[in-house]
$ cat run.cif   # mmCIF, C-alpha atoms
data_data
#
loop_
_atom_site.group_PDB
_atom_site.id
_atom_site.type_symbol
_atom_site.label_atom_id
_atom_site.label_comp_id
_atom_site.auth_asym_id
_atom_site.auth_seq_id
_atom_site.Cartn_x
_atom_site.Cartn_y
_atom_site.Cartn_z
ATOM 1 C CA GLU A 1212 -10.714 8.255 -13.258
ATOM 2 C CA PRO A 1213 -11.967 8.275 -9.655
ATOM 3 C CA GLU A 1214 -9.349 8.803 -7.005
ATOM 4 C CA VAL A 1215 -8.826 8.844 -3.264
ATOM 5 C CA THR A 1216 -8.034 12.319 -1.974
ATOM 6 C CA GLN A 1217 -6.206 13.096 1.243
ATOM 7 C CA THR A 1218 -5.748 16.334 3.140
ATOM 8 C CA PRO A 1219 -3.534 17.896 4.194
ATOM 9 C CA SER A 1220 -0.585 16.763 2.093
ATOM 10 C CA HIS A 1221 1.788 17.834 4.867
ATOM 11 C CA GLN A 1222 1.170 18.254 8.582
ATOM 12 C CA VAL A 1223 3.691 19.452 11.116
ATOM 13 C CA THR A 1224 2.771 19.171 14.764
ATOM 14 C CA GLN A 1225 4.299 19.295 18.206
ATOM 15 C CA MET A 1226 4.667 16.131 20.258
ATOM 16 C CA GLY A 1227 1.571 15.567 22.388
ATOM 17 C CA GLN A 1228 -0.770 17.429 20.043
ATOM 18 C CA GLU A 1229 -3.794 15.897 18.370
ATOM 19 C CA VAL A 1230 -3.930 15.567 14.604
ATOM 20 C CA ILE A 1231 -6.714 14.554 12.247
ATOM 21 C CA LEU A 1232 -5.888 13.229 8.819
ATOM 22 C CA ARG A 1233 -8.693 13.354 6.305
ATOM 23 C CA CYS A 1234 -9.560 11.193 3.364
ATOM 24 C CA VAL A 1235 -12.295 11.089 0.763
ATOM 25 C CA PRO A 1236 -12.487 7.518 -0.574
ATOM 26 C CA ILE A 1237 -13.888 6.572 -3.956
ATOM 27 C CA SER A 1238 -17.633 7.054 -3.735
ATOM 28 C CA ASN A 1239 -18.916 3.523 -4.380
ATOM 29 C CA HIS A 1240 -16.274 1.756 -2.326
ATOM 30 C CA LEU A 1241 -17.233 0.040 0.920
ATOM 31 C CA TYR A 1242 -13.871 -0.933 2.416
ATOM 32 C CA PHE A 1243 -11.534 1.644 3.846
ATOM 33 C CA TYR A 1244 -7.984 1.416 5.139
ATOM 34 C CA TRP A 1245 -5.166 3.397 6.661
ATOM 35 C CA TYR A 1246 -1.563 2.413 6.013
ATOM 36 C CA ARG A 1247 1.610 4.225 6.898
ATOM 37 C CA GLN A 1248 5.178 4.281 5.630
ATOM 38 C CA ILE A 1249 8.062 5.449 7.752
ATOM 39 C CA LEU A 1250 10.849 6.821 5.578
ATOM 40 C CA GLY A 1251 12.838 3.982 4.041
ATOM 41 C CA GLN A 1252 10.601 1.268 5.489
ATOM 42 C CA LYS A 1253 7.751 -0.909 4.313
ATOM 43 C CA VAL A 1254 4.204 0.223 3.792
ATOM 44 C CA GLU A 1255 2.466 -1.149 6.890
ATOM 45 C CA PHE A 1256 -1.163 -1.737 7.728
ATOM 46 C CA LEU A 1257 -2.845 0.263 10.471
ATOM 47 C CA VAL A 1258 -6.570 -0.364 10.327
ATOM 48 C CA SER A 1259 -9.415 -1.484 8.108
ATOM 49 C CA PHE A 1260 -13.005 -0.270 8.296
ATOM 50 C CA TYR A 1261 -16.170 -1.791 6.902
ATOM 51 C CA ASN A 1262 -19.866 -1.430 7.612
ATOM 52 C CA ASN A 1263 -19.215 1.479 9.965
ATOM 53 C CA GLU A 1264 -16.866 -0.371 12.234
ATOM 54 C CA ILE A 1265 -13.244 -1.398 12.515
ATOM 55 C CA SER A 1266 -12.678 -4.739 10.843
ATOM 56 C CA GLU A 1267 -9.083 -5.235 11.891
ATOM 57 C CA LYS A 1268 -6.328 -3.192 13.485
ATOM 58 C CA SER A 1269 -2.601 -3.696 13.828
ATOM 59 C CA GLU A 1270 -0.494 -3.567 16.975
ATOM 60 C CA ILE A 1271 0.491 -0.027 15.984
ATOM 61 C CA PHE A 1272 -3.133 1.104 16.189
ATOM 62 C CA ASP A 1273 -3.298 1.593 19.946
ATOM 63 C CA ASP A 1274 -5.653 3.706 22.069
ATOM 64 C CA GLN A 1275 -4.098 6.891 20.725
ATOM 65 C CA PHE A 1276 -5.502 6.157 17.292
ATOM 66 C CA SER A 1277 -9.112 6.278 16.153
ATOM 67 C CA VAL A 1278 -10.979 6.281 12.865
ATOM 68 C CA GLU A 1279 -14.334 7.700 11.882
ATOM 69 C CA ARG A 1280 -16.586 7.886 8.900
ATOM 70 C CA PRO A 1281 -18.613 10.891 10.029
ATOM 71 C CA ASP A 1282 -20.684 11.161 6.861
ATOM 72 C CA GLY A 1283 -21.085 9.377 3.560
ATOM 73 C CA SER A 1284 -17.902 10.703 2.048
ATOM 74 C CA ASN A 1285 -15.151 11.335 4.582
ATOM 75 C CA PHE A 1286 -12.900 8.905 6.441
ATOM 76 C CA THR A 1287 -10.621 10.269 9.145
ATOM 77 C CA LEU A 1288 -7.688 9.078 11.213
ATOM 78 C CA LYS A 1289 -7.141 10.809 14.537
ATOM 79 C CA ILE A 1290 -4.011 10.574 16.632
ATOM 80 C CA ARG A 1291 -4.817 11.960 20.080
ATOM 81 C CA SER A 1292 -1.362 12.614 21.463
ATOM 82 C CA THR A 1293 1.330 12.411 18.830
ATOM 83 C CA LYS A 1294 4.744 10.927 19.483
ATOM 84 C CA LEU A 1295 7.978 11.446 17.584
ATOM 85 C CA GLU A 1296 7.718 7.900 16.233
ATOM 86 C CA ASP A 1297 4.362 8.716 14.611
ATOM 87 C CA SER A 1298 6.233 10.700 11.974
ATOM 88 C CA ALA A 1299 5.485 8.953 8.702
ATOM 89 C CA MET A 1300 3.557 9.153 5.454
ATOM 90 C CA TYR A 1301 -0.017 8.085 6.105
ATOM 91 C CA PHE A 1302 -1.967 6.596 3.224
ATOM 92 C CA CYS A 1303 -5.711 6.170 3.008
ATOM 93 C CA ALA A 1304 -7.008 3.463 0.686
ATOM 94 C CA SER A 1305 -10.385 2.218 -0.422
ATOM 95 C CA SER A 1306 -11.685 -0.783 -2.288
ATOM 96 C CA ASP A 1307 -14.931 -2.323 -3.502
ATOM 97 C CA SER A 1308 -13.736 -5.688 -2.165
ATOM 98 C CA GLY A 1309 -12.480 -6.944 1.167
ATOM 99 C CA THR A 1310 -10.010 -9.355 -0.414
ATOM 100 C CA GLY A 1311 -7.196 -6.812 -0.484
ATOM 101 C CA GLU A 1312 -7.184 -6.741 -4.256
ATOM 102 C CA LYS A 1313 -7.133 -3.437 -6.133
ATOM 103 C CA LEU A 1314 -6.749 -1.028 -3.286
ATOM 104 C CA PHE A 1315 -6.833 2.557 -4.464
ATOM 105 C CA PHE A 1316 -4.416 4.648 -2.433
ATOM 106 C CA GLY A 1317 -4.402 8.367 -1.915
ATOM 107 C CA SER A 1318 -1.256 10.443 -2.294
ATOM 108 C CA GLY A 1319 -0.728 10.481 1.448
ATOM 109 C CA THR A 1320 -0.268 12.917 4.301
ATOM 110 C CA GLN A 1321 3.306 13.447 5.416
ATOM 111 C CA LEU A 1322 3.116 13.833 9.202
ATOM 112 C CA SER A 1323 6.096 15.331 10.986
ATOM 113 C CA VAL A 1324 6.057 15.328 14.784
ATOM 114 C CA LEU A 1325 8.571 17.686 16.367
ATOM 115 C CA GLU B 1240 3.757 -15.120 10.165
ATOM 116 C CA ASP B 1241 3.295 -14.111 6.546
ATOM 117 C CA GLN B 1242 6.407 -12.565 5.030
ATOM 118 C CA VAL B 1243 7.341 -10.959 1.739
ATOM 119 C CA THR B 1244 10.917 -10.379 0.605
ATOM 120 C CA GLN B 1245 11.874 -8.465 -2.529
ATOM 121 C CA SER B 1246 15.140 -8.347 -4.422
ATOM 122 C CA PRO B 1247 17.112 -6.535 -5.512
ATOM 123 C CA GLU B 1248 16.591 -3.477 -3.311
ATOM 124 C CA ALA B 1249 17.576 -1.250 -6.199
ATOM 125 C CA LEU B 1250 18.115 -1.786 -9.906
ATOM 126 C CA ARG B 1251 19.515 0.572 -12.486
ATOM 127 C CA LEU B 1252 18.853 -0.236 -16.140
ATOM 128 C CA GLN B 1253 19.588 1.413 -19.433
ATOM 129 C CA GLU B 1254 16.584 2.172 -21.571
ATOM 130 C CA GLY B 1255 15.738 -0.997 -23.493
ATOM 131 C CA GLU B 1256 17.631 -3.298 -21.104
ATOM 132 C CA SER B 1257 15.209 -5.991 -19.925
ATOM 133 C CA SER B 1258 15.338 -7.474 -16.428
ATOM 134 C CA SER B 1259 13.289 -9.098 -13.674
ATOM 135 C CA LEU B 1260 12.374 -8.237 -10.119
ATOM 136 C CA ASN B 1261 11.832 -10.955 -7.538
ATOM 137 C CA CYS B 1262 9.275 -11.321 -4.762
ATOM 138 C CA SER B 1263 9.558 -14.307 -2.416
ATOM 139 C CA TYR B 1264 6.722 -15.025 -0.043
ATOM 140 C CA THR B 1265 5.956 -17.199 2.938
ATOM 141 C CA VAL B 1266 2.272 -17.456 3.732
ATOM 142 C CA SER B 1267 0.045 -19.935 5.501
ATOM 143 C CA GLY B 1268 -2.336 -20.050 2.570
ATOM 144 C CA LEU B 1269 -1.965 -17.940 -0.555
ATOM 145 C CA ARG B 1270 -5.016 -15.822 -1.298
ATOM 146 C CA GLY B 1271 -3.349 -13.891 -4.052
ATOM 147 C CA LEU B 1272 -0.234 -11.888 -4.691
ATOM 148 C CA PHE B 1273 -0.410 -8.258 -5.765
ATOM 149 C CA TRP B 1274 2.044 -5.985 -7.531
ATOM 150 C CA TYR B 1275 1.918 -2.239 -7.012
ATOM 151 C CA ARG B 1276 3.922 0.642 -8.403
ATOM 152 C CA GLN B 1277 4.861 3.578 -6.180
ATOM 153 C CA ASP B 1278 6.139 6.869 -7.523
ATOM 154 C CA PRO B 1279 8.031 9.222 -5.174
ATOM 155 C CA GLY B 1280 5.706 11.029 -2.783
ATOM 156 C CA LYS B 1281 2.668 9.053 -3.975
ATOM 157 C CA GLY B 1282 0.610 6.149 -2.774
ATOM 158 C CA PRO B 1283 0.966 2.696 -4.305
ATOM 159 C CA GLU B 1284 -0.850 2.127 -7.582
ATOM 160 C CA PHE B 1285 -2.296 -1.298 -8.310
ATOM 161 C CA LEU B 1286 -0.776 -3.231 -11.205
ATOM 162 C CA PHE B 1287 -1.596 -6.949 -11.056
ATOM 163 C CA THR B 1288 -3.222 -9.744 -9.105
ATOM 164 C CA LEU B 1289 -1.985 -13.331 -9.373
ATOM 165 C CA TYR B 1290 -3.850 -16.152 -7.683
ATOM 166 C CA SER B 1291 -2.295 -19.436 -8.686
ATOM 167 C CA ALA B 1292 1.075 -20.901 -9.643
ATOM 168 C CA GLY B 1293 1.666 -20.665 -13.375
ATOM 169 C CA GLU B 1294 -0.537 -17.615 -13.779
ATOM 170 C CA GLU B 1295 0.786 -14.676 -15.801
ATOM 171 C CA LYS B 1296 -0.493 -11.127 -16.260
ATOM 172 C CA GLU B 1297 0.764 -8.489 -18.690
ATOM 173 C CA LYS B 1298 0.459 -4.741 -18.970
ATOM 174 C CA GLU B 1299 2.478 -2.849 -21.543
ATOM 175 C CA ARG B 1300 6.149 -3.631 -20.821
ATOM 176 C CA LEU B 1301 5.425 -5.469 -17.572
ATOM 177 C CA LYS B 1302 4.668 -9.140 -17.074
ATOM 178 C CA ALA B 1303 4.060 -10.730 -13.700
ATOM 179 C CA THR B 1304 4.420 -14.455 -13.074
ATOM 180 C CA LEU B 1305 3.793 -16.643 -10.049
ATOM 181 C CA THR B 1306 5.242 -19.883 -8.704
ATOM 182 C CA LYS B 1307 4.506 -21.620 -5.419
ATOM 183 C CA LYS B 1308 7.208 -19.666 -3.607
ATOM 184 C CA GLU B 1309 7.866 -16.505 -5.569
ATOM 185 C CA SER B 1310 6.706 -14.033 -8.147
ATOM 186 C CA PHE B 1311 8.639 -12.230 -10.827
ATOM 187 C CA LEU B 1312 7.962 -8.910 -12.462
ATOM 188 C CA HIS B 1313 9.592 -8.951 -15.859
ATOM 189 C CA ILE B 1314 10.271 -5.616 -17.499
ATOM 190 C CA THR B 1315 10.835 -5.773 -21.241
ATOM 191 C CA ALA B 1316 12.613 -2.899 -23.012
ATOM 192 C CA PRO B 1317 11.978 -0.454 -20.175
ATOM 193 C CA LYS B 1318 11.601 3.286 -20.668
ATOM 194 C CA PRO B 1319 12.538 6.085 -18.258
ATOM 195 C CA GLU B 1320 8.861 6.450 -17.309
ATOM 196 C CA ASP B 1321 8.990 2.938 -15.829
ATOM 197 C CA SER B 1322 11.249 4.291 -13.089
ATOM 198 C CA ALA B 1323 9.491 3.766 -9.754
ATOM 199 C CA THR B 1324 9.469 1.520 -6.705
ATOM 200 C CA TYR B 1325 7.720 -1.762 -7.376
ATOM 201 C CA LEU B 1326 6.047 -3.379 -4.404
ATOM 202 C CA CYS B 1327 4.605 -6.808 -3.998
ATOM 203 C CA ALA B 1328 2.094 -7.702 -1.322
ATOM 204 C CA VAL B 1329 0.113 -10.652 -0.041
ATOM 205 C CA PRO B 1330 -3.238 -10.461 1.729
ATOM 206 C CA ASN B 1331 -3.548 -11.626 5.311
ATOM 207 C CA TYR B 1332 -7.035 -12.677 6.277
ATOM 208 C CA GLY B 1333 -8.663 -10.510 8.935
ATOM 209 C CA GLY B 1334 -12.375 -11.150 8.961
ATOM 210 C CA ALA B 1335 -14.356 -8.900 6.664
ATOM 211 C CA THR B 1336 -11.174 -7.452 5.209
ATOM 212 C CA ASN B 1337 -7.719 -8.660 4.262
ATOM 213 C CA LYS B 1338 -4.785 -6.487 5.234
ATOM 214 C CA LEU B 1339 -1.860 -6.352 2.836
ATOM 215 C CA ILE B 1340 1.631 -7.423 3.877
ATOM 216 C CA PHE B 1341 4.050 -5.473 1.704
ATOM 217 C CA GLY B 1342 7.644 -6.147 0.786
ATOM 218 C CA THR B 1343 10.228 -3.381 1.020
ATOM 219 C CA GLY B 1344 10.124 -2.887 -2.715
ATOM 220 C CA THR B 1345 12.590 -2.647 -5.579
ATOM 221 C CA LEU B 1346 13.604 0.851 -6.621
ATOM 222 C CA LEU B 1347 13.950 0.783 -10.399
ATOM 223 C CA ALA B 1348 15.798 3.534 -12.242
ATOM 224 C CA VAL B 1349 15.777 3.457 -16.046
ATOM 225 C CA GLN B 1350 18.286 5.744 -17.651
ATOM 226 C CA PRO B 1351 17.834 7.127 -21.188
#

$ encode --input "run.cif" --output "structure tokens"
Amino acid sequence: EPEVTQTPSHQVTQMGQEVILRCVPISNHLYFYWYRQILGQKVEFLVSFYNNEISEKSEIFDDQFSVERPDGSNFTLKIRSTKLEDSAMYFCASSDSGTGEKLFFGSGTQLSVL
Amino acid sequence: EDQVTQSPEALRLQEGESSSLNCSYTVSGLRGLFWYRQDPGKGPEFLFTLYSAGEEKEKERLKATLTKKESFLHITAPKPEDSATYLCAVPNYGGATNKLIFGTGTLLAVQP
């Protein structure tokens, strides 16, 4: 069964450093998302991406965050200058529909900012 | 603002002991309600979509139902492998895409 793959599975970084989280969505999907989950809290939406542009972003997704689809297979989330409060599990998801139904999530990248 | 509330936060069952999980929602216009399963250290895995009150969906030991204000996930004769966090979510319209608003989930533990 096709799956969304994310790398790395764990990332430890110092506050103020840049990190790039990588995702390979399911190949025929057109809608891409990043969500995050702080330990013990809800899964929360960060950004959606469709037709090579951001469709929607949350209040969390400020100027320190950016997304790219540099080629036909990868989808990346960059945090330019990490803060302690960015520590969370980051999930990439993809879908063949924009309705929100049947999102396929990756296993996540656990980001720890020290 | 759209909101999703799940109860209980945690539920411990004996194998074979049936129960139900609750998801209450407040939305401006329901465009569906989704159930996901999340195993520890993994991303959510899609289970069901419900679109209208009275609708039911089944998968193995799980059955999801929907009313105008809440959804239930009924678990019949659960097995230890059903242990997971069960999340419900509603879509919030955002142009070309709908973002999902998740509840905090119900952590289900099924003991043999």

$ atom_distance --input "run.cif" --atom1 "atom CA of A:Leu1250" --atom2 "atom CA of A:Met1300"
7.7 Å

$ atom_distance --input "run.cif" --atom1 "atom CA of A:Phe1243" --atom2 "atom CA of B:Tyr1275"
17.7 Å

$ residues_around --input "run.cif" --residues "A:Glu1312" --least-positions-apart "3" --cutoff "8 Å" --atoms "all atoms listed in the file" --output "number ranges by chain"
A: 1306, 1308-1309; B: 1273, 1288

$ interface_residues --input "run.cif" --of "chain B" --to "chain A" --cutoff "8 Å" --atoms "only C-alpha atoms" --output "list in words"
Phe1273, Gly1280, Lys1281, Gly1282, Pro1283, Glu1284, Phe1285, Thr1288, Pro1330, Gly1333, Gly1334, Ala1335, Thr1336, Asn1337, Lys1338, Leu1339, Ile1340, Phe1341, Gly1342, Thr1343 and Gly1344 of chain B

$ write_last_selection --input "run.cif" --atoms "C-alpha atoms" --output "mmCIF file, in the coordinates of the input"
data_model
loop_
_atom_site.group_PDB
_atom_site.id
_atom_site.type_symbol
_atom_site.label_atom_id
_atom_site.label_comp_id
_atom_site.auth_asym_id
_atom_site.auth_seq_id
_atom_site.Cartn_x
_atom_site.Cartn_y
_atom_site.Cartn_z
ATOM 1 C CA PHE B 1273 -0.410 -8.258 -5.765
ATOM 2 C CA GLY B 1280 5.706 11.029 -2.783
ATOM 3 C CA LYS B 1281 2.668 9.053 -3.975
ATOM 4 C CA GLY B 1282 0.610 6.149 -2.774
ATOM 5 C CA PRO B 1283 0.966 2.696 -4.305
ATOM 6 C CA GLU B 1284 -0.850 2.127 -7.582
ATOM 7 C CA PHE B 1285 -2.296 -1.298 -8.310
ATOM 8 C CA THR B 1288 -3.222 -9.744 -9.105
ATOM 9 C CA PRO B 1330 -3.238 -10.461 1.729
ATOM 10 C CA GLY B 1333 -8.663 -10.510 8.935
ATOM 11 C CA GLY B 1334 -12.375 -11.150 8.961
ATOM 12 C CA ALA B 1335 -14.356 -8.900 6.664
ATOM 13 C CA THR B 1336 -11.174 -7.452 5.209
ATOM 14 C CA ASN B 1337 -7.719 -8.660 4.262
ATOM 15 C CA LYS B 1338 -4.785 -6.487 5.234
ATOM 16 C CA LEU B 1339 -1.860 -6.352 2.836
ATOM 17 C CA ILE B 1340 1.631 -7.423 3.877
ATOM 18 C CA PHE B 1341 4.050 -5.473 1.704
ATOM 19 C CA GLY B 1342 7.644 -6.147 0.786
ATOM 20 C CA THR B 1343 10.228 -3.381 1.020
ATOM 21 C CA GLY B 1344 10.124 -2.887 -2.715
#

$ residues_around --input "run.cif" --residues "B:Ser1259" --least-positions-apart "2" --cutoff "10 Å" --atoms "only C-alpha atoms" --output "JSON, numbers by chain"
{"B": [1246, 1247, 1250, 1257, 1261, 1301, 1302, 1303, 1310, 1311, 1312, 1313, 1314, 1315]}

$ closest_residue --input "run.cif" --among "B:Leu1346, B:Ala1323, B:Ala1292, B:Ala1316" --to "B:Gly1255" --atoms "only C-alpha atoms"
B:Ala1316

$ resolve_selection --input "run.cif" --expression "the PyMOL selection byres ((chain A and resi 1289) around 8)" --output "PyMOL selection string"
chain A and resi 1229-1232+1275-1278+1287-1288+1290-1291

$ axis_aligned_box --input "run.cif" --around "stretch 1266-1273 of chain B" --padding-each-side "3 Å" --output "lines of an AutoDock Vina configuration file"
center_x = -1.4
center_y = -14.2
center_z = -0.1
size_x = 13.3
size_y = 17.8
size_z = 17.3

$ residues_around --input "run.cif" --residues "A:Leu1295" --least-positions-apart "6" --cutoff "7 Å" --atoms "only C-alpha atoms" --output "list of chain:residue names"
A:Met1226, A:Val1324, A:Leu1325

$ write_last_selection --input "run.cif" --atoms "C-alpha atoms" --output "compact mmCIF listing (two decimals), in the coordinates of the input"
# COMPACT_ATOMS: atom_id res chain seq x y z
CA MET A 1226 4.67 16.13 20.26
CA VAL A 1324 6.06 15.33 14.78
CA LEU A 1325 8.57 17.69 16.37

$ residues_around --input "run.cif" --residues "B:Leu1252" --least-positions-apart "2" --cutoff "7 Å" --atoms "only C-alpha atoms" --output "PDB file with C-alpha atoms, keeping the file's coordinate frame"
ATOM      1  CA  LEU B1250      18.115  -1.786  -9.906  1.00  0.00           C
ATOM      2  CA  GLU B1254      16.584   2.172 -21.571  1.00  0.00           C
ATOM      3  CA  GLU B1256      17.631  -3.298 -21.104  1.00  0.00           C
ATOM      4  CA  ALA B1348      15.798   3.534 -12.242  1.00  0.00           C
ATOM      5  CA  VAL B1349      15.777   3.457 -16.046  1.00  0.00           C
ATOM      6  CA  GLN B1350      18.286   5.744 -17.651  1.00  0.00           C
TER       7      GLN B1350
END

$ atom_distance --input "run.cif" --atom1 "atom CA of B:Val1266" --atom2 "atom CA of B:Lys1308"
9.1 Å

$ closest_residue --input "run.cif" --among "B:Arg1251, B:Arg1276, B:Lys1298, B:Arg1270" --to "B:Tyr1325" --atoms "all atoms listed in the file"
B:Arg1276

$ resolve_selection --input "run.cif" --expression "the PyMOL selection byres ((chain A and resi 1238) around 10)" --output "NGL selection string"
:A and (1213-1215 or 1235-1237 or 1239-1241 or 1283-1285 or 1305-1307)

$ build_atoms --input "run.cif" --residues "stretch 1321-1330 of chain B" --atoms "all heavy atoms" --output "mmCIF file, in the coordinates of the input"
data_model
loop_
_atom_site.group_PDB
_atom_site.id
_atom_site.type_symbol
_atom_site.label_atom_id
_atom_site.label_comp_id
_atom_site.auth_asym_id
_atom_site.auth_seq_id
_atom_site.Cartn_x
_atom_site.Cartn_y
_atom_site.Cartn_z
ATOM 1 N N ASP B 1321 9.200 4.119 -16.667
ATOM 2 C CA ASP B 1321 8.990 2.938 -15.829
ATOM 3 C C ASP B 1321 9.728 3.043 -14.500
ATOM 4 O O ASP B 1321 9.571 2.187 -13.625
ATOM 5 C CB ASP B 1321 9.458 1.673 -16.563
ATOM 6 C CG ASP B 1321 8.630 1.376 -17.802
ATOM 7 O OD1 ASP B 1321 7.399 1.581 -17.760
ATOM 8 O OD2 ASP B 1321 9.222 0.953 -18.826
ATOM 9 N N SER B 1322 10.519 4.090 -14.346
ATOM 10 C CA SER B 1322 11.249 4.291 -13.089
ATOM 11 C C SER B 1322 10.267 4.513 -11.953
ATOM 12 O O SER B 1322 9.386 5.378 -12.033
ATOM 13 C CB SER B 1322 12.188 5.504 -13.210
ATOM 14 O OG SER B 1322 13.155 5.288 -14.211
ATOM 15 N N ALA B 1323 10.401 3.719 -10.904
ATOM 16 C CA ALA B 1323 9.491 3.766 -9.754
ATOM 17 C C ALA B 1323 9.948 2.700 -8.767
ATOM 18 O O ALA B 1323 10.863 1.918 -9.051
ATOM 19 C CB ALA B 1323 8.048 3.489 -10.176
ATOM 20 N N THR B 1324 9.286 2.646 -7.624
ATOM 21 C CA THR B 1324 9.469 1.520 -6.705
ATOM 22 C C THR B 1324 8.342 0.528 -6.954
ATOM 23 O O THR B 1324 7.170 0.909 -6.999
ATOM 24 C CB THR B 1324 9.463 1.987 -5.245
ATOM 25 O OG1 THR B 1324 10.567 2.864 -5.016
ATOM 26 C CG2 THR B 1324 9.574 0.799 -4.302
ATOM 27 N N TYR B 1325 8.705 -0.713 -7.126
ATOM 28 C CA TYR B 1325 7.720 -1.762 -7.376
ATOM 29 C C TYR B 1325 7.580 -2.608 -6.111
ATOM 30 O O TYR B 1325 8.563 -3.128 -5.573
ATOM 31 C CB TYR B 1325 8.131 -2.618 -8.580
ATOM 32 C CG TYR B 1325 8.006 -1.833 -9.862
ATOM 33 C CD1 TYR B 1325 9.055 -1.026 -10.308
ATOM 34 C CD2 TYR B 1325 6.827 -1.848 -10.602
ATOM 35 C CE1 TYR B 1325 8.931 -0.273 -11.475
ATOM 36 C CE2 TYR B 1325 6.699 -1.103 -11.764
ATOM 37 C CZ TYR B 1325 7.751 -0.313 -12.182
ATOM 38 O OH TYR B 1325 7.626 0.448 -13.329
ATOM 39 N N LEU B 1326 6.356 -2.688 -5.656
ATOM 40 C CA LEU B 1326 6.047 -3.379 -4.404
ATOM 41 C C LEU B 1326 5.229 -4.628 -4.689
ATOM 42 O O LEU B 1326 4.345 -4.605 -5.546
ATOM 43 C CB LEU B 1326 5.206 -2.469 -3.493
ATOM 44 C CG LEU B 1326 5.752 -1.091 -3.159
ATOM 45 C CD1 LEU B 1326 4.688 -0.271 -2.428
ATOM 46 C CD2 LEU B 1326 6.990 -1.216 -2.302
ATOM 47 N N CYS B 1327 5.521 -5.686 -3.966
ATOM 48 C CA CYS B 1327 4.605 -6.808 -3.998
ATOM 49 C C CYS B 1327 3.994 -6.973 -2.616
ATOM 50 O O CYS B 1327 4.558 -6.519 -1.610
ATOM 51 C CB CYS B 1327 5.252 -8.097 -4.491
ATOM 52 S SG CYS B 1327 6.391 -8.877 -3.362
ATOM 53 N N ALA B 1328 2.829 -7.573 -2.571
ATOM 54 C CA ALA B 1328 2.094 -7.702 -1.322
ATOM 55 C C ALA B 1328 1.238 -8.961 -1.350
ATOM 56 O O ALA B 1328 0.775 -9.388 -2.415
ATOM 57 C CB ALA B 1328 1.209 -6.469 -1.102
ATOM 58 N N VAL B 1329 1.025 -9.523 -0.177
ATOM 59 C CA VAL B 1329 0.113 -10.652 -0.041
ATOM 60 C C VAL B 1329 -0.959 -10.268 0.965
ATOM 61 O O VAL B 1329 -0.694 -9.528 1.912
ATOM 62 C CB VAL B 1329 0.833 -11.942 0.414
ATOM 63 C CG1 VAL B 1329 1.815 -12.398 -0.657
ATOM 64 C CG2 VAL B 1329 1.545 -11.756 1.731
ATOM 65 N N PRO B 1330 -2.177 -10.765 0.776
ATOM 66 C CA PRO B 1330 -3.238 -10.461 1.729
ATOM 67 C C PRO B 1330 -3.182 -11.404 2.919
ATOM 68 O O PRO B 1330 -2.896 -12.592 2.779
ATOM 69 C CB PRO B 1330 -4.509 -10.690 0.904
ATOM 70 C CG PRO B 1330 -4.126 -11.719 -0.101
ATOM 71 C CD PRO B 1330 -2.660 -11.524 -0.385
#
